[in-house]
file run_16.cif (mmCIF, C-alpha atoms)
data_data
#
loop_
_atom_site.label_atom_id
_atom_site.label_comp_id
_atom_site.auth_asym_id
_atom_site.auth_seq_id
_atom_site.Cartn_x
_atom_site.Cartn_y
_atom_site.Cartn_z
CA MET A 324 -115.40 -68.40 69.35
CA GLU A 325 -113.86 -70.19 66.43
CA ILE A 326 -111.25 -68.01 64.71
CA LYS A 327 -110.57 -68.72 61.08
CA SER A 328 -106.92 -68.21 60.22
CA ASP A 329 -105.53 -67.46 56.76
CA LYS A 330 -102.14 -69.02 57.35
CA LEU A 331 -100.70 -71.57 59.80
CA LEU A 332 -97.12 -71.31 61.06
CA ASP A 333 -95.67 -74.21 63.05
CA CYS A 334 -92.87 -73.10 65.41
CA LYS A 335 -93.17 -76.09 67.75
CA GLY A 336 -89.77 -77.17 69.09
CA LEU A 337 -88.07 -73.94 68.05
CA ASN A 338 -86.36 -71.64 70.51
CA CYS A 339 -85.75 -67.91 70.77
CA PRO A 340 -85.45 -66.01 68.53
CA LEU A 341 -86.79 -68.25 65.74
CA PRO A 342 -90.55 -68.13 66.56
CA ILE A 343 -90.48 -64.32 66.42
CA LEU A 344 -88.33 -64.20 63.28
CA LYS A 345 -90.56 -66.72 61.50
CA THR A 346 -93.72 -64.95 62.63
CA LYS A 347 -92.43 -61.67 61.21
CA LYS A 348 -91.56 -63.37 57.92
CA ALA A 349 -94.93 -65.13 57.71
CA MET A 350 -96.76 -61.84 58.23
CA GLU A 351 -95.15 -60.49 55.07
CA ASP A 352 -97.21 -62.97 53.01
CA LEU A 353 -100.51 -61.80 54.50
CA GLN A 354 -102.79 -58.92 53.50
CA VAL A 355 -103.90 -56.33 56.04
CA GLY A 356 -106.79 -57.80 58.04
CA GLN A 357 -105.76 -61.42 57.49
CA ILE A 358 -104.94 -63.69 60.43
CA LEU A 359 -101.86 -65.78 61.14
CA GLU A 360 -102.16 -68.79 63.44
CA MET A 361 -98.82 -69.59 65.09
CA HIS A 362 -98.07 -72.65 67.21
CA ALA A 363 -95.07 -72.61 69.57
CA THR A 364 -93.75 -74.68 72.46
CA ASP A 365 -91.17 -72.11 73.65
CA PRO A 366 -92.56 -70.98 77.03
CA GLY A 367 -90.96 -67.56 76.47
CA SER A 368 -93.03 -67.03 73.35
CA LYS A 369 -96.07 -65.87 75.34
CA ASN A 370 -94.30 -62.76 76.63
CA ASP A 371 -92.19 -62.39 73.53
CA MET A 372 -95.18 -62.42 71.17
CA ALA A 373 -96.93 -59.81 73.33
CA ALA A 374 -93.84 -57.57 73.17
CA TRP A 375 -93.53 -58.11 69.43
CA SER A 376 -97.19 -57.22 68.99
CA ARG A 377 -96.84 -54.01 71.06
CA ARG A 378 -93.81 -52.97 69.03
CA THR A 379 -95.04 -53.82 65.53
CA GLY A 380 -98.70 -52.97 66.09
CA ASN A 381 -99.90 -56.33 64.78
CA GLU A 382 -102.75 -57.42 66.98
CA ILE A 383 -102.86 -60.68 68.93
CA ILE A 384 -106.58 -61.38 68.92
CA GLU A 385 -106.40 -64.59 70.91
CA THR A 386 -103.88 -66.77 72.74
CA ASN A 387 -104.67 -70.36 73.72
CA GLU A 388 -102.67 -73.05 75.43
CA ASP A 389 -103.24 -76.69 74.70
CA SER A 390 -101.03 -79.27 76.47
CA GLY A 391 -97.79 -77.30 76.24
CA VAL A 392 -98.50 -75.73 72.86
CA PHE A 393 -99.18 -72.01 72.72
CA ILE A 394 -101.49 -70.95 69.92
CA PHE A 395 -101.48 -67.33 68.81
CA PHE A 396 -103.91 -65.68 66.41
CA VAL A 397 -102.33 -62.54 65.01
CA LYS A 398 -104.14 -60.05 62.85
CA LYS A 399 -102.07 -58.06 60.39
CA THR A 400 -102.83 -54.39 60.92
CA LYS A 401 -100.58 -52.65 58.43
CA MET B 1392 -95.72 -48.59 66.29
CA SER B 1393 -97.25 -45.17 66.57
CA GLU B 1394 -93.88 -43.43 66.94
CA ASN B 1395 -92.82 -41.59 63.81
CA LYS B 1396 -89.14 -42.34 64.15
CA GLN B 1397 -88.05 -45.94 63.86
CA LYS B 1398 -86.22 -47.26 66.94
CA ARG B 1399 -82.56 -48.07 66.38
CA MET B 1400 -80.10 -50.44 68.09
CA ALA B 1401 -76.32 -50.17 67.73
CA ILE B 1402 -74.12 -53.08 68.86
CA ILE B 1403 -70.36 -53.57 69.06
CA ALA B 1404 -69.39 -57.26 68.78
CA SER B 1405 -65.90 -57.67 70.21
CA LYS B 1406 -65.74 -61.33 71.17
CA GLY B 1407 -64.95 -64.29 68.93
CA THR B 1408 -66.20 -67.26 70.92
CA LEU B 1409 -69.30 -69.26 69.97
CA ASP B 1410 -71.22 -68.28 73.12
CA MET B 1411 -70.50 -64.58 72.60
CA ALA B 1412 -71.35 -64.66 68.88
CA TYR B 1413 -75.02 -65.39 69.63
CA PRO B 1414 -76.19 -62.31 71.59
CA PRO B 1415 -75.42 -59.66 68.93
CA LEU B 1416 -77.04 -61.75 66.18
CA ILE B 1417 -80.10 -62.80 68.18
CA LEU B 1418 -80.74 -59.22 69.27
CA ALA B 1419 -80.16 -57.67 65.85
CA THR B 1420 -82.38 -60.14 63.97
CA THR B 1421 -85.12 -59.81 66.59
CA ALA B 1422 -84.89 -56.01 66.41
CA ILE B 1423 -85.54 -56.18 62.67
CA ALA B 1424 -88.51 -58.47 63.31
CA MET B 1425 -89.83 -55.83 65.73
CA ASP B 1426 -89.63 -53.11 63.07
CA MET B 1427 -86.48 -51.55 64.52
CA GLU B 1428 -83.22 -50.74 62.76
CA ALA B 1429 -80.12 -52.61 63.87
CA GLY B 1430 -76.41 -52.27 63.18
CA ILE B 1431 -73.42 -54.33 64.35
CA PHE B 1432 -69.80 -53.16 64.37
CA PHE B 1433 -67.48 -56.19 64.43
CA THR B 1434 -64.10 -55.48 65.97
CA PHE B 1435 -61.07 -57.41 67.26
CA TYR B 1436 -62.01 -61.04 67.98
CA GLY B 1437 -65.59 -60.26 67.00
CA LEU B 1438 -64.36 -60.18 63.41
CA ASN B 1439 -64.22 -63.99 63.56
CA ILE B 1440 -68.04 -64.03 63.49
CA VAL B 1441 -67.98 -62.67 59.94
CA ARG B 1442 -64.83 -64.33 58.60
CA LYS B 1443 -65.26 -67.05 56.00
CA SER B 1444 -62.41 -69.02 57.59
CA THR B 1445 -63.83 -68.98 61.14
CA ILE B 1446 -67.62 -68.45 60.99
CA ASN B 1447 -68.32 -72.19 61.12
CA SER B 1448 -65.59 -73.04 63.64
CA LEU B 1449 -66.20 -70.64 66.55
CA LYS B 1450 -65.34 -72.29 69.86
CA VAL B 1451 -66.38 -72.33 73.51
CA PRO B 1452 -63.52 -71.71 75.96
CA PRO B 1453 -63.51 -74.16 78.90
CA LEU B 1454 -60.66 -72.27 80.58
CA ALA B 1455 -61.57 -69.72 83.26
CA ASN B 1456 -65.22 -70.48 82.53
CA PRO B 1457 -66.84 -71.48 85.83
CA ALA B 1458 -70.27 -71.53 84.16
CA MET B 1459 -69.62 -74.74 82.23
CA PRO B 1460 -72.55 -77.13 82.95
CA ILE B 1461 -70.07 -79.89 83.74
CA PRO B 1462 -67.62 -78.14 86.08
CA MET B 1463 -64.27 -77.94 84.39
CA PRO B 1464 -61.35 -77.10 86.69
CA ASN B 1465 -58.83 -74.82 84.99
CA ILE B 1466 -56.15 -77.45 85.51
CA LEU B 1467 -58.14 -79.71 83.14
CA GLY B 1468 -59.28 -76.87 80.88
CA VAL B 1469 -55.71 -76.33 79.70
CA LEU B 1470 -55.41 -79.88 78.36
CA PRO B 1471 -55.38 -80.41 74.59
CA GLY B 1472 -58.84 -81.27 73.25
CA MET B 1473 -60.77 -79.62 76.08
CA THR B 1474 -61.77 -76.60 73.98
CA SER B 1475 -63.15 -78.77 71.19
CA MET B 1476 -64.95 -80.91 73.76
CA ALA B 1477 -66.61 -77.86 75.33
CA THR B 1478 -67.51 -76.63 71.83
CA MET B 1479 -69.00 -79.98 70.83
CA MET B 1480 -71.08 -80.02 73.99
CA MET B 1481 -72.49 -76.55 73.38
CA LYS B 1482 -73.26 -77.34 69.73
CA SER B 1483 -75.03 -80.51 70.79
CA TRP B 1484 -77.35 -78.71 73.25
CA MET B 1485 -77.96 -75.95 70.76
CA GLY B 1486 -78.90 -78.54 68.14
CA LYS B 1487 -81.23 -80.35 70.55
CA ALA B 1488 -82.91 -77.07 71.50
CA LYS B 1489 -83.23 -76.22 67.77
CA VAL B 1490 -81.39 -72.94 68.15
CA ALA B 1491 -80.35 -71.37 64.85
CA THR B 1492 -76.68 -71.70 63.87
CA ILE B 1493 -74.44 -68.62 63.62
CA SER B 1494 -74.45 -68.88 59.81
CA GLU B 1495 -78.25 -69.04 59.73
CA LEU B 1496 -78.54 -65.96 61.95
CA ILE B 1497 -76.02 -64.06 59.82
CA GLN B 1498 -78.07 -64.88 56.72
CA ILE B 1499 -81.30 -63.74 58.40
CA ALA B 1500 -79.50 -60.55 59.50
CA ILE B 1501 -78.29 -59.84 55.96
CA ASP B 1502 -81.72 -60.58 54.44
CA GLY B 1503 -83.41 -58.42 57.07
CA GLY B 1504 -81.17 -55.44 56.41
CA VAL B 1505 -79.05 -55.41 59.58
CA LYS B 1506 -76.16 -52.97 58.92
CA MET B 1507 -72.90 -54.79 59.54
CA TRP B 1508 -69.49 -53.15 59.53
CA VAL B 1509 -66.01 -54.54 60.14
CA CYS B 1510 -63.36 -52.49 61.92
CA GLN B 1511 -60.60 -51.41 59.52
CA MET B 1512 -58.03 -50.99 62.28
CA ALA B 1513 -58.65 -54.40 63.84
CA MET B 1514 -58.42 -56.03 60.40
CA GLU B 1515 -55.06 -54.38 59.90
CA VAL B 1516 -53.80 -55.41 63.36
CA MET B 1517 -55.00 -59.00 63.02
CA GLY B 1518 -53.90 -59.32 59.40
CA ILE B 1519 -57.37 -60.12 58.12
CA GLU B 1520 -57.93 -59.62 54.38
CA ASN B 1521 -61.10 -58.10 52.95
CA SER B 1522 -61.49 -61.26 50.88
CA ASP B 1523 -61.88 -63.32 54.09
CA ILE B 1524 -64.98 -61.35 55.14
CA ILE B 1525 -68.30 -62.96 54.17
CA ASP B 1526 -70.54 -61.33 51.55
CA GLY B 1527 -73.22 -58.91 52.70
CA ILE B 1528 -70.97 -56.97 55.08
CA GLU B 1529 -70.15 -53.27 54.50
CA GLU B 1530 -66.68 -52.00 53.60
CA PRO B 1531 -64.25 -51.75 56.56
CA VAL B 1532 -64.78 -48.53 58.54
CA GLY B 1533 -63.56 -46.81 61.68
CA ALA B 1534 -65.02 -45.70 64.99
CA ALA B 1535 -66.48 -42.50 63.52
CA THR B 1536 -68.82 -44.41 61.18
CA PHE B 1537 -70.15 -46.49 64.07
CA LEU B 1538 -70.55 -43.47 66.33
CA ASP B 1539 -72.38 -41.55 63.62
CA TYR B 1540 -74.90 -44.44 63.50
CA ALA B 1541 -74.95 -45.00 67.28
CA ALA B 1542 -75.49 -41.30 68.05
CA ASP B 1543 -79.05 -41.71 66.78
CA ALA B 1544 -79.61 -45.09 68.47
CA ASP B 1545 -82.14 -45.80 71.20
CA ILE B 1546 -80.27 -48.90 72.37
CA SER B 1547 -76.48 -49.26 72.38
CA LEU B 1548 -74.68 -52.41 73.49
CA PHE B 1549 -71.07 -53.49 73.79
CA ILE B 1550 -70.75 -57.26 73.66
#

call {"tool": "encode", "arguments": {"input": "run_16.cif", "output": "structure tokens"}}
result
Amino acid sequence: MEIKSDKLLDCKGLNCPLPILKTKKAMEDLQVGQILEMHATDPGSKNDMAAWSRRTGNEIIETNEDSGVFIFFVKKTK
Amino acid sequence: MSENKQKRMAIIASKGTLDMAYPPLILATTAIAMDMEAGIFFTFYGLNIVRKSTINSLKVPPLANPAMPIPMPNILGVLPGMTSMATMMMKSWMGKAKVATISELIQIAIDGGVKMWVCQMAMEVMGIENSDIIDGIEEPVGAATFLDYAADADISLFI
């Protein structure tokens, strides 16, 4: 399934906690229902994004991995 | 998330070395990003993290630090220049790993609404003036103010 994102955030090369902090900030510019696409190379980001999603309620609708890059599609829920 | 009451984290930052300045700031900024409240009480050497004169010159101690990546016997750690060498090394890995600087994290903390207090008593003892504390930090307070905040915290840390 091809997911169409409303905003792209590049966190490649960044380390904890910057991908999470930048994701949070990027979500502020979205409307409820819109989708953020975030790219990260931090291997911790997979678990960290899941924890962030559980805590904030924003929904990770898909996670992909492509040659060391993690791609998250996050739907703003509130 | 579905909880009515926002989660809260209360941290005491008591150390003034570069390596120990990171944990309180990383945790507090991440807590804000996770829709929690966070507050940091800076006391004793931890005050150096929010002092204009020291915020950009925090150091890594090579002495009595067996965790240095290049083993540094204490007999060498005492030599002049070793502290700045250890500090340069840490800053260089942090830069390569694109870790935020202390100043950047402080700015993110202020923008995100992390409550930050400085300890009145420690300022008095260490002769630190109010004017040497960076902008965005609350007025100096005592233990009671921190405890009043921490009493309602879900996570409390002493660093």

call {"tool": "residues_around", "arguments": {"input": "run_16.cif", "residues": "Ile1519 (chain B)", "least_positions_apart": "4", "cutoff": "10 Å", "atoms": "only C-alpha atoms", "output": "compact mmCIF listing (two decimals) with C-alpha atoms, in the frame of the given file"}}
result
# COMPACT_ATOMS: atom_id res chain seq x y z
CA LEU B 1438 -64.36 -60.18 63.41
CA ASN B 1439 -64.22 -63.99 63.56
CA ARG B 1442 -64.83 -64.33 58.60
CA GLN B 1511 -60.60 -51.41 59.52
CA ALA B 1513 -58.65 -54.40 63.84
CA MET B 1514 -58.42 -56.03 60.40
CA GLU B 1515 -55.06 -54.38 59.90
CA ASP B 1523 -61.88 -63.32 54.09
CA ILE B 1524 -64.98 -61.35 55.14

call {"tool": "interface_residues", "arguments": {"input": "run_16.cif", "of": "chain B", "to": "chain A", "cutoff": "12 Å", "atoms": "only C-alpha atoms", "output": "ChimeraX atom specification"}}
result
/B:1392-1394,1397-1398,1413-1427,1484-1492,1495-1496,1499-1500,1502-1503

call {"tool": "atom_distance", "arguments": {"input": "run_16.cif", "atom1": "CA of Glu1428 (chain B)", "atom2": "CA of Met1400 (chain B)"}}
result
6.2 Å

call {"tool": "axis_aligned_box", "arguments": {"input": "run_16.cif", "around": "region 1408-1419 of chain B", "padding_each_side": "4 Å", "output": "AutoDock Vina command-line options"}}
result
--center_x -73.5 --center_y -63.5 --center_z 69.5 --size_x 22.5 --size_y 19.6 --size_z 15.3

call {"tool": "resolve_selection", "arguments": {"input": "run_16.cif", "expression": "the PyMOL selection byres ((chain A and resi 384) around 10)", "output": "list in words"}}
result
Ile326, Ile358, Asn381, Glu382, Ile383, Glu385, Thr386, Phe395, Phe396, Val397 and Lys398 of chain A

call {"tool": "atom_distance", "arguments": {"input": "run_16.cif", "atom1": "CA of Tyr1436 (chain B)", "atom2": "CA of Met1517 (chain B)"}}
result
8.8 Å

call {"tool": "closest_residue", "arguments": {"input": "run_16.cif", "among": "A:Lys327, A:Phe393, A:Asp333, A:Glu388", "to": "Asp371 (chain A)", "atoms": "all atoms listed in the file"}}
result
A:Phe393

call {"tool": "closest_residue", "arguments": {"input": "run_16.cif", "among": "B:Ala1541, B:Met1481, B:Leu1449, B:Ala1535", "to": "Ala1401 (chain B)", "atoms": "only C-alpha atoms"}}
result
B:Ala1541

call {"tool": "resolve_selection", "arguments": {"input": "run_16.cif", "expression": "the PyMOL selection byres ((chain B and resi 1537) around 9)", "output": "VMD selection string"}}
result
chain B and resid 1401 1403 1430 to 1432 1508 1532 to 1536 1538 to 1542

call {"tool": "atom_distance", "arguments": {"input": "run_16.cif", "atom1": "CA of Glu1530 (chain B)", "atom2": "CA of Lys1443 (chain B)"}}
result
15.3 Å
